[in-house]
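Input: a single structure, listed below in C-alpha cells.
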Amino acid sequence: MSLQTRIFVVIFLVVQVAMPFVYYLNPDRDERFAWRMFVNPHHKFCEPTVQATSFGQAHTVELRAILHPGWIANIKENRPEIIEPYLDRLCREPGVESATLINDCRPDGPQGPVQTTVYQRDCPPR
Amino acid sequence: MMARFFSYFETPVGTRPDVLVRVVALVFAFDVWANSIRRGHSMGFGDFNVAQFAWLDAVLPIPTAASFMAALLVASFAAASIVVLGATRALVVVLLASWGYAWAASYLDGYQHHYFLVLVVVCFLGMRPAAEAPSGRRWGYHLLCLTVANMYLFAAIAKTDALWVSGERLRAIFASRQPYAESAFAALGLASMTGWQVLSIGTIVLEVALAAIWVLAPAIANGRYAKLGWSGVAMGLSLHVGAELLGLEIEWFSCYMLALTLVCLTPVWPNLRTIADAVLRRRPHAATRRAETLWTLVAVVTVAGFLLPADLPGMIIAWVGISAGLAVAWGLRFHARTIAVVSMMAAGCFAVTANVSQSRYDYWRLLGATHYRSARAQATPTAMNASIQSSIEAYTHAQDHAPAGKDHQDVLNTLRKAQSELPR
C-alpha cells in the first residue's frame with residue numbers, strides 16, 4: 001500500500017468510528033451516522049407553531065404550505081439544523097419582515113412536561 | 001504496530017473483490033430503478049432543502065426532482081457498467097459522484113443503508129480489476145470488511161438501550177406479526193415477554209459476533225477460520241432473512257447484506273481461475289474504431305428512446321449526462337463498445353423496472369399527495385390554486401401509470417371541484 005492509500009484508509013476508518021461516538025457524546029444530535037436502526041428513537045414530541053409578520057401584519061403560517069411532510073417530521077423533533085433554514089426560507093416570501101417558530105416539546109414522552117424552544121428570525125431588509 | 005495493522009490489508013483474497021463489486025453493483029442498479037426513484041417527489045418541494053452537511057448547502061443549489069433523477073440514472077448506468085467491467089477507477093468515480101450527490105443533496109434521505117452504500121462505493125476505489133491493478137492488492141475489500149464490522153458493532157452498542165433489552169422495542173416494531181412470533185415463543189415454552197427479550201438480547205449477541213467475524217473476513221477468504229466463516233454465513237442469513245420475514249421496511253438493505261455475507265464469509269469459494277481468465281480478465285476483442293463509433297451512436301439513440309418517453313423529470317439531463325459518458329468512453333477508447341452495449345441494456349432494464357416496481361407511479365402519486373396537502377394549508381386563493389393545479393397534474397401522471405386496482409379519478413374530481421370553487 002502506498003503512503004497515500006495508508007493515510008486514506010486511516011482517515012476513512014477514524015471518521016467512521018468517530019461519527020457514532022459524536023452522537024453518543026451528544027445524543028441531542030441526529031442519529032443518521034450512529035447505526036441506531038430500529039433502536040428506541042428519542043422522540044421529542046414537539047408541536048410547532050409558526051408566526052410571521054408580513055407588511056406589518058402578524059399571521060400564523062401553516063408548515064404544510066411550503067414543507068414536504070418529511071421536513072415537518074424533523075421540525076417536530078426540534079432539529080435546529082432544519083428549523084433555522086426554514087425560517088430563512090420564510091424570510092424569502094414576499095413582504096415577510098420577521099418569523100418565529102415556537103416548538104412545544106415533550107422530550108419525556110407525550111404525557112411529560114412541556115419544554116418550549118423559541119426560534120426567532122428578523123428578516124434582512126430587501 | 002502500524003506495520004501489523006497495514007499487513008491486514010495485504011491478505012490475499014483471490015477473486016472475491018471482482019465478484020463482490022459486480023453483485024453489489026447489480027443490486028444497486030435495480031435498487032435505484034425500483035426504489036430510489038420515488039424519493040424524487042420530495043426534492044426541492046416548496047423551494048426548500050437542507051443537505052446532509054451544512055457546507056453542501058453553501059456550494060450546491062437546491063436539488064430538484066430533475067437533478068436528483070438525473071444523478072440516480074447516471075449512478076445506475078455507471079453501476080451497470082461496473083457489473084461488466086469491474087470497479088475501474090473512472091466508473092467508480094462517476095458512481096461515487098452521482099450516488100454521493102443523490103444521497104447527500106437532502107437531509108430527507110434518512111435511510112442509513114444509503115449512507116452505508118456511499119461507504120461501500122468508496123471501498124470500490126480499492127477493488128480495481130486485475131487489468132488496472134496488476135499488483136493484485138485489493139485494500140478496498142479489506143476496508144469494506146472493517147466497515148461492515150464497524151456497522152454491526154455500533155448497531156449492537158445502540159441496542160444496549162434499556163427499552164431494546166427489555167424486548168418492548170422489538171415487540172412494538174413487529175406489532176403486526178406479534179401473534180405469529182408469540183405462538184412460536186409459546187411452542188418453545190417461553191412466556192411472551194421472555195420470548196421478545198431473548199430475541200432482543202440474541203440480536204445483540206449476533207451482531208457482536210458478526211462484527212468479530214467480519215474483521216476476520218479477509219482471512220476467511222484466504223482459507224482460514226472455515227468454521228467461523230460458516231457461522232458468519234448462518235448468523236448473517238438468520239439476521240437478514242429474519243428481518244425480511246418479519247416485514248421490516250428497509251427497502252433492499254437485506255439484499256445487499258445477504259450478497260455481502262455470501263460473497264465474503266463463505267469459506268468454500270469456487271475456483272474461479274478458469275472463469276476469471278475467461279471472463280473477468282478477458283481482454284475484449286479489439287473493436288475497430290468504426291465499430292466503436294457505430295455502437296456509441298446506436299447507444300445514444302437507444303438510451304434516448306428509453307429515457308425521454310419515461311415520463312419522469314430529469315430524463316433529458318440524464319440522457320445528456322449518459323451520452324457525454326459514452327462520448328468520453330469513445331474519445332478515450334475506454335471500453336467504448338462494451339459501455340455502449342451495457343448502456344442500451346441498462347436503459348431497457350430501467351424502463352421495465354420503473355414500470356413493474358411501480359416506482360414511477362409512486363413518484364407521481366406521492367407528488368400529487370404532497371401538493372394536495374400543501375393546497376389545504378395555503379393562505380391565499382392564488383397560492384391554493386397553484387398547489388391544486390400542481391396536484392392535478394401529478395395525479396394525472398399517476399393515473400397514467402396506475403396499476404390495476406389503483407384509481408385516482410375520485411381525487412382528481414375532488415381537486416377540480418375545489419379549483420372551480422375558488423374565488424376568482
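Numbering starts fresh at 1 for the residues of each chain in the C-alpha cells, the chains themselves are lettered A, B, ... in the order given, and ligands are numbered from 1 as they appear.
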Can you tell me, as a PDB file with N, CA, C and O atoms, in the first residue's frame, what residues are no more than 12 Å from region 117-125 of chain A when counting only C-alpha atoms, ignoring any on the same chain fewer than 3 positions away?
ATOM      1  N   LYS A  44     -39.076  13.760  20.419  1.00  0.00           N
ATOM      2  CA  LYS A  44     -39.246  14.954  21.257  1.00  0.00           C
ATOM      3  C   LYS A  44     -40.722  15.330  21.378  1.00  0.00           C
ATOM      4  O   LYS A  44     -41.061  16.154  22.200  1.00  0.00           O
ATOM      5  N   CYS A  46     -42.799  17.226  19.608  1.00  0.00           N
ATOM      6  CA  CYS A  46     -42.979  18.685  19.565  1.00  0.00           C
ATOM      7  C   CYS A  46     -44.215  19.068  18.765  1.00  0.00           C
ATOM      8  O   CYS A  46     -44.594  18.390  17.817  1.00  0.00           O
ATOM      9  N   GLU A  47     -44.820  20.162  19.177  1.00  0.00           N
ATOM     10  CA  GLU A  47     -45.925  20.767  18.436  1.00  0.00           C
ATOM     11  C   GLU A  47     -45.481  22.167  18.022  1.00  0.00           C
ATOM     12  O   GLU A  47     -45.516  23.097  18.824  1.00  0.00           O
ATOM     13  N   PRO A  48     -45.070  22.330  16.790  1.00  0.00           N
ATOM     14  CA  PRO A  48     -44.585  23.658  16.375  1.00  0.00           C
ATOM     15  C   PRO A  48     -45.711  24.590  15.947  1.00  0.00           C
ATOM     16  O   PRO A  48     -46.692  24.151  15.361  1.00  0.00           O
ATOM     17  N   THR A  49     -45.564  25.859  16.275  1.00  0.00           N
ATOM     18  CA  THR A  49     -46.448  26.892  15.706  1.00  0.00           C
ATOM     19  C   THR A  49     -45.552  27.984  15.128  1.00  0.00           C
ATOM     20  O   THR A  49     -44.513  28.306  15.701  1.00  0.00           O
ATOM     21  N   VAL A  50     -45.977  28.505  13.992  1.00  0.00           N
ATOM     22  CA  VAL A  50     -45.152  29.498  13.307  1.00  0.00           C
ATOM     23  C   VAL A  50     -45.954  30.780  13.126  1.00  0.00           C
ATOM     24  O   VAL A  50     -47.106  30.750  12.689  1.00  0.00           O
ATOM     25  N   GLN A  51     -45.337  31.880  13.501  1.00  0.00           N
ATOM     26  CA  GLN A  51     -45.926  33.201  13.310  1.00  0.00           C
ATOM     27  C   GLN A  51     -45.004  34.005  12.406  1.00  0.00           C
ATOM     28  O   GLN A  51     -43.776  33.902  12.535  1.00  0.00           O
ATOM     29  N   ALA A  52     -45.590  34.761  11.506  1.00  0.00           N
ATOM     30  CA  ALA A  52     -44.776  35.636  10.666  1.00  0.00           C
ATOM     31  C   ALA A  52     -45.423  37.014  10.614  1.00  0.00           C
ATOM     32  O   ALA A  52     -46.637  37.146  10.826  1.00  0.00           O
ATOM     33  N   THR A  53     -44.611  38.018  10.378  1.00  0.00           N
ATOM     34  CA  THR A  53     -45.142  39.361  10.166  1.00  0.00           C
ATOM     35  C   THR A  53     -44.863  39.759   8.726  1.00  0.00           C
ATOM     36  O   THR A  53     -43.701  39.786   8.303  1.00  0.00           O
ATOM     37  N   SER A  54     -45.947  39.997   7.995  1.00  0.00           N
ATOM     38  CA  SER A  54     -45.801  40.402   6.594  1.00  0.00           C
ATOM     39  C   SER A  54     -46.513  41.724   6.394  1.00  0.00           C
ATOM     40  O   SER A  54     -47.677  41.861   6.785  1.00  0.00           O
ATOM     41  N   PHE A  55     -45.814  42.669   5.797  1.00  0.00           N
ATOM     42  CA  PHE A  55     -46.373  44.007   5.551  1.00  0.00           C
ATOM     43  C   PHE A  55     -46.998  44.563   6.834  1.00  0.00           C
ATOM     44  O   PHE A  55     -48.084  45.143   6.811  1.00  0.00           O
ATOM     45  N   ILE A  75     -38.901  18.917  12.051  1.00  0.00           N
ATOM     46  CA  ILE A  75     -39.176  20.081  12.915  1.00  0.00           C
ATOM     47  C   ILE A  75     -39.844  19.611  14.206  1.00  0.00           C
ATOM     48  O   ILE A  75     -39.573  20.131  15.292  1.00  0.00           O
ATOM     49  N   LYS A  76     -40.684  18.574  14.092  1.00  0.00           N
ATOM     50  CA  LYS A  76     -41.332  18.032  15.294  1.00  0.00           C
ATOM     51  C   LYS A  76     -40.323  17.313  16.197  1.00  0.00           C
ATOM     52  O   LYS A  76     -40.648  16.946  17.318  1.00  0.00           O
ATOM     53  N   GLU A  77     -39.135  17.052  15.672  1.00  0.00           N
ATOM     54  CA  GLU A  77     -38.045  16.510  16.504  1.00  0.00           C
ATOM     55  C   GLU A  77     -37.133  17.634  17.001  1.00  0.00           C
ATOM     56  O   GLU A  77     -36.062  17.366  17.556  1.00  0.00           O
ATOM     57  N   ASN A  78     -37.578  18.878  16.769  1.00  0.00           N
ATOM     58  CA  ASN A  78     -36.860  20.068  17.243  1.00  0.00           C
ATOM     59  C   ASN A  78     -35.429  20.126  16.719  1.00  0.00           C
ATOM     60  O   ASN A  78     -34.490  20.377  17.483  1.00  0.00           O
ATOM     61  N   ARG A  79     -35.263  19.887  15.456  1.00  0.00           N
ATOM     62  CA  ARG A  79     -33.928  19.879  14.842  1.00  0.00           C
ATOM     63  C   ARG A  79     -33.593  21.298  14.367  1.00  0.00           C
ATOM     64  O   ARG A  79     -34.125  21.775  13.358  1.00  0.00           O
ATOM     65  N   PRO A  80     -32.691  21.994  15.101  1.00  0.00           N
ATOM     66  CA  PRO A  80     -32.369  23.372  14.695  1.00  0.00           C
ATOM     67  C   PRO A  80     -31.757  23.451  13.303  1.00  0.00           C
ATOM     68  O   PRO A  80     -31.932  24.457  12.607  1.00  0.00           O
ATOM     69  N   GLU A  81     -31.061  22.391  12.889  1.00  0.00           N
ATOM     70  CA  GLU A  81     -30.429  22.444  11.562  1.00  0.00           C
ATOM     71  C   GLU A  81     -31.473  22.482  10.443  1.00  0.00           C
ATOM     72  O   GLU A  81     -31.153  22.806   9.300  1.00  0.00           O
ATOM     73  N   ILE A  82     -32.739  22.133  10.764  1.00  0.00           N
ATOM     74  CA  ILE A  82     -33.814  22.250   9.775  1.00  0.00           C
ATOM     75  C   ILE A  82     -34.623  23.526  10.031  1.00  0.00           C
ATOM     76  O   ILE A  82     -35.038  24.209   9.093  1.00  0.00           O
ATOM     77  N   ILE A  83     -34.841  23.827  11.323  1.00  0.00           N
ATOM     78  CA  ILE A  83     -35.708  24.960  11.670  1.00  0.00           C
ATOM     79  C   ILE A  83     -35.094  26.292  11.224  1.00  0.00           C
ATOM     80  O   ILE A  83     -35.786  27.155  10.660  1.00  0.00           O
ATOM     81  N   GLU A  84     -33.797  26.454  11.461  1.00  0.00           N
ATOM     82  CA  GLU A  84     -33.149  27.727  11.085  1.00  0.00           C
ATOM     83  C   GLU A  84     -33.246  27.978   9.576  1.00  0.00           C
ATOM     84  O   GLU A  84     -33.665  29.075   9.164  1.00  0.00           O
ATOM     85  N   PRO A  85     -32.912  27.008   8.716  1.00  0.00           N
ATOM     86  CA  PRO A  85     -33.083  27.258   7.274  1.00  0.00           C
ATOM     87  C   PRO A  85     -34.547  27.479   6.876  1.00  0.00           C
ATOM     88  O   PRO A  85     -34.827  28.214   5.939  1.00  0.00           O
ATOM     89  N   TYR A  86     -35.475  26.849   7.616  1.00  0.00           N
ATOM     90  CA  TYR A  86     -36.890  27.056   7.297  1.00  0.00           C
ATOM     91  C   TYR A  86     -37.277  28.516   7.549  1.00  0.00           C
ATOM     92  O   TYR A  86     -37.999  29.133   6.751  1.00  0.00           O
ATOM     93  N   LEU A  87     -36.797  29.077   8.661  1.00  0.00           N
ATOM     94  CA  LEU A  87     -37.091  30.489   8.934  1.00  0.00           C
ATOM     95  C   LEU A  87     -36.452  31.383   7.866  1.00  0.00           C
ATOM     96  O   LEU A  87     -37.040  32.374   7.435  1.00  0.00           O
ATOM     97  N   ASP A  88     -35.246  31.003   7.435  1.00  0.00           N
ATOM     98  CA  ASP A  88     -34.613  31.751   6.329  1.00  0.00           C
ATOM     99  C   ASP A  88     -35.486  31.686   5.073  1.00  0.00           C
ATOM    100  O   ASP A  88     -35.621  32.665   4.347  1.00  0.00           O
ATOM    101  N   ARG A  89     -36.050  30.516   4.850  1.00  0.00           N
ATOM    102  CA  ARG A  89     -36.914  30.332   3.668  1.00  0.00           C
ATOM    103  C   ARG A  89     -38.164  31.214   3.776  1.00  0.00           C
ATOM    104  O   ARG A  89     -38.588  31.828   2.793  1.00  0.00           O
ATOM    105  N   LEU A  90     -38.742  31.258   4.988  1.00  0.00           N
ATOM    106  CA  LEU A  90     -39.930  32.108   5.172  1.00  0.00           C
ATOM    107  C   LEU A  90     -39.596  33.565   4.884  1.00  0.00           C
ATOM    108  O   LEU A  90     -40.417  34.307   4.344  1.00  0.00           O
ATOM    109  N   CYS A  91     -38.377  33.959   5.244  1.00  0.00           N
ATOM    110  CA  CYS A  91     -37.965  35.346   5.014  1.00  0.00           C
ATOM    111  C   CYS A  91     -37.911  35.685   3.522  1.00  0.00           C
ATOM    112  O   CYS A  91     -37.914  36.861   3.160  1.00  0.00           O
ATOM    113  N   ARG A  92     -37.855  34.658   2.685  1.00  0.00           N
ATOM    114  CA  ARG A  92     -37.815  34.929   1.235  1.00  0.00           C
ATOM    115  C   ARG A  92     -39.219  35.125   0.657  1.00  0.00           C
ATOM    116  O   ARG A  92     -39.363  35.501  -0.498  1.00  0.00           O
ATOM    117  N   GLU A  93     -40.260  34.868   1.462  1.00  0.00           N
ATOM    118  CA  GLU A  93     -41.633  35.080   0.991  1.00  0.00           C
ATOM    119  C   GLU A  93     -41.887  36.585   0.870  1.00  0.00           C
ATOM    120  O   GLU A  93     -41.340  37.375   1.653  1.00  0.00           O
ATOM    121  N   PRO A  94     -42.727  37.004  -0.067  1.00  0.00           N
ATOM    122  CA  PRO A  94     -42.936  38.440  -0.277  1.00  0.00           C
ATOM    123  C   PRO A  94     -43.435  39.143   0.986  1.00  0.00           C
ATOM    124  O   PRO A  94     -44.393  38.681   1.604  1.00  0.00           O
ATOM    125  N   GLY A  95     -42.751  40.198   1.354  1.00  0.00           N
ATOM    126  CA  GLY A  95     -43.199  41.060   2.438  1.00  0.00           C
ATOM    127  C   GLY A  95     -42.930  40.564   3.841  1.00  0.00           C
ATOM    128  O   GLY A  95     -43.264  41.246   4.818  1.00  0.00           O
ATOM    129  N   VAL A  96     -42.339  39.399   3.999  1.00  0.00           N
ATOM    130  CA  VAL A  96     -42.131  38.871   5.355  1.00  0.00           C
ATOM    131  C   VAL A  96     -40.997  39.646   6.035  1.00  0.00           C
ATOM    132  O   VAL A  96     -39.896  39.768   5.495  1.00  0.00           O
ATOM    133  N   GLU A  97     -41.310  40.189   7.214  1.00  0.00           N
ATOM    134  CA  GLU A  97     -40.334  41.001   7.939  1.00  0.00           C
ATOM    135  C   GLU A  97     -39.704  40.231   9.096  1.00  0.00           C
ATOM    136  O   GLU A  97     -38.555  40.460   9.460  1.00  0.00           O
ATOM    137  N   SER A  98     -40.472  39.319   9.690  1.00  0.00           N
ATOM    138  CA  SER A  98     -39.918  38.504  10.782  1.00  0.00           C
ATOM    139  C   SER A  98     -40.693  37.187  10.848  1.00  0.00           C
ATOM    140  O   SER A  98     -41.833  37.104  10.371  1.00  0.00           O
ATOM    141  N   ALA A  99     -40.041  36.190  11.411  1.00  0.00           N
ATOM    142  CA  ALA A  99     -40.686  34.873  11.542  1.00  0.00           C
ATOM    143  C   ALA A  99     -40.258  34.250  12.869  1.00  0.00           C
ATOM    144  O   ALA A  99     -39.103  34.395  13.278  1.00  0.00           O
ATOM    145  N   THR A 100     -41.208  33.607  13.517  1.00  0.00           N
ATOM    146  CA  THR A 100     -40.928  32.975  14.810  1.00  0.00           C
ATOM    147  C   THR A 100     -41.517  31.572  14.800  1.00  0.00           C
ATOM    148  O   THR A 100     -42.669  31.385  14.404  1.00  0.00           O
ATOM    149  N   LEU A 101     -40.713  30.603  15.215  1.00  0.00           N
ATOM    150  CA  LEU A 101     -41.231  29.238  15.375  1.00  0.00           C
ATOM    151  C   LEU A 101     -41.134  28.872  16.856  1.00  0.00           C
ATOM    152  O   LEU A 101     -40.058  28.949  17.462  1.00  0.00           O
ATOM    153  N   ILE A 102     -42.280  28.528  17.417  1.00  0.00           N
ATOM    154  CA  ILE A 102     -42.326  28.118  18.822  1.00  0.00           C
ATOM    155  C   ILE A 102     -42.559  26.614  18.862  1.00  0.00           C
ATOM    156  O   ILE A 102     -43.564  26.130  18.319  1.00  0.00           O
ATOM    157  N   ASN A 103     -41.631  25.905  19.448  1.00  0.00           N
ATOM    158  CA  ASN A 103     -41.750  24.445  19.478  1.00  0.00           C
ATOM    159  C   ASN A 103     -42.018  23.988  20.918  1.00  0.00           C
ATOM    160  O   ASN A 103     -41.151  24.108  21.792  1.00  0.00           O
ATOM    161  N   ASP A 104     -43.233  23.509  21.156  1.00  0.00           N
ATOM    162  CA  ASP A 104     -43.580  22.970  22.480  1.00  0.00           C
ATOM    163  C   ASP A 104     -43.293  21.470  22.448  1.00  0.00           C
ATOM    164  O   ASP A 104     -44.016  20.703  21.805  1.00  0.00           O
ATOM    165  N   CYS A 105     -42.239  21.069  23.149  1.00  0.00           N
ATOM    166  CA  CYS A 105     -41.787  19.677  23.077  1.00  0.00           C
ATOM    167  C   CYS A 105     -41.999  18.962  24.409  1.00  0.00           C
ATOM    168  O   CYS A 105     -41.958  19.584  25.471  1.00  0.00           O
ATOM    169  N   ARG A 106     -42.195  17.660  24.304  1.00  0.00           N
ATOM    170  CA  ARG A 106     -42.328  16.814  25.499  1.00  0.00           C
ATOM    171  C   ARG A 106     -41.300  15.696  25.380  1.00  0.00           C
ATOM    172  O   ARG A 106     -41.649  14.558  25.026  1.00  0.00           O
ATOM    173  N   PRO A 107     -40.021  16.004  25.657  1.00  0.00           N
ATOM    174  CA  PRO A 107     -38.950  15.007  25.447  1.00  0.00           C
ATOM    175  C   PRO A 107     -39.079  13.778  26.341  1.00  0.00           C
ATOM    176  O   PRO A 107     -38.500  12.735  26.037  1.00  0.00           O
ATOM    177  N   VAL A 114     -43.853  20.114  29.348  1.00  0.00           N
ATOM    178  CA  VAL A 114     -43.551  20.801  28.081  1.00  0.00           C
ATOM    179  C   VAL A 114     -42.287  21.642  28.234  1.00  0.00           C
ATOM    180  O   VAL A 114     -42.094  22.320  29.232  1.00  0.00           O
TER     181      VAL A 114
END
* Using DSSP on the backbone, list every residue of chain A that comes out as strand (DSSP E), and give them as a ChimeraX atom specification. => /A:47-54,57-61,96-105,115-122
Selection from above, C-alpha atoms, as a JSON list (two decimals), in the first residue's frame, can you write it?
[["chain", "number", "residue", "atom", "x", "y", "z"],
["A", 47, "GLU", "CA", -45.92, 20.77, 18.44],
["A", 48, "PRO", "CA", -44.58, 23.66, 16.38],
["A", 49, "THR", "CA", -46.45, 26.89, 15.71],
["A", 50, "VAL", "CA", -45.15, 29.50, 13.31],
["A", 51, "GLN", "CA", -45.93, 33.20, 13.31],
["A", 52, "ALA", "CA", -44.78, 35.64, 10.67],
["A", 53, "THR", "CA", -45.14, 39.36, 10.17],
["A", 54, "SER", "CA", -45.80, 40.40, 6.59],
["A", 57, "GLN", "CA", -49.49, 42.21, 9.84],
["A", 58, "ALA", "CA", -48.86, 39.24, 12.15],
["A", 59, "HIS", "CA", -50.28, 35.94, 10.94],
["A", 60, "THR", "CA", -49.97, 32.22, 11.51],
["A", 61, "VAL", "CA", -48.08, 30.16, 8.96],
["A", 96, "VAL", "CA", -42.13, 38.87, 5.36],
["A", 97, "GLU", "CA", -40.33, 41.00, 7.94],
["A", 98, "SER", "CA", -39.92, 38.50, 10.78],
["A", 99, "ALA", "CA", -40.69, 34.87, 11.54],
["A", 100, "THR", "CA", -40.93, 32.97, 14.81],
["A", 101, "LEU", "CA", -41.23, 29.24, 15.38],
["A", 102, "ILE", "CA", -42.33, 28.12, 18.82],
["A", 103, "ASN", "CA", -41.75, 24.44, 19.48],
["A", 104, "ASP", "CA", -43.58, 22.97, 22.48],
["A", 105, "CYS", "CA", -41.79, 19.68, 23.08],
["A", 115, "GLN", "CA", -40.24, 22.41, 27.17],
["A", 116, "THR", "CA", -40.60, 25.37, 24.86],
["A", 117, "THR", "CA", -37.95, 26.47, 22.40],
["A", 118, "VAL", "CA", -38.36, 29.71, 20.51],
["A", 119, "TYR", "CA", -36.61, 30.34, 17.21],
["A", 120, "GLN", "CA", -36.78, 33.95, 16.08],
["A", 121, "ARG", "CA", -35.66, 35.47, 12.81],
["A", 122, "ASP", "CA", -35.69, 39.15, 11.84]]
Where does chain B meet chain A within 6 Å, residue by residue, with the nearest atom pair and distance in Å to one decimal for each, counting only C-alpha atoms, listed by chain and rising number, as JSON lines?
{"residue": "B:Gly46", "atom": "CA", "partner": "A:Ile66", "partner_atom": "CA", "distance": 4.7}
{"residue": "B:Phe154", "atom": "CA", "partner": "A:Trp35", "partner_atom": "CA", "distance": 5.9}
{"residue": "B:Ala155", "atom": "CA", "partner": "A:Trp35", "partner_atom": "CA", "distance": 5.1}
{"residue": "B:Ala158", "atom": "CA", "partner": "A:Arg36", "partner_atom": "CA", "distance": 5.4}
{"residue": "B:Ser374", "atom": "CA", "partner": "A:Ala65", "partner_atom": "CA", "distance": 4.5}
{"residue": "B:Ala377", "atom": "CA", "partner": "A:Ala65", "partner_atom": "CA", "distance": 4.9}
{"residue": "B:Gln378", "atom": "CA", "partner": "A:Ala65", "partner_atom": "CA", "distance": 5.2}
* Just the helix (DSSP H, G or I) stuff from region 11-96 of chain A, please, per backbone DSSP, written as a ChimeraX atom specification. => /A:11-25,63-66,69-75,80-91
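When the distance limit is 8 Å and only C-alpha atoms are what count, the residues near Glu393 (chain B), minus those fewer than 4 positions from it on the same chain, are Gly368, Gln389 and His397 of chain B.
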Selection export as a CSV table (one decimal), in the first residue's frame, atoms kept: C-alpha atoms:
chain,number,residue,atom,x,y,z
B,368,GLY,CA,-49.8,14.7,-6.1
B,389,GLN,CA,-53.1,22.7,-10.2
B,397,HIS,CA,-49.5,11.3,-14.5
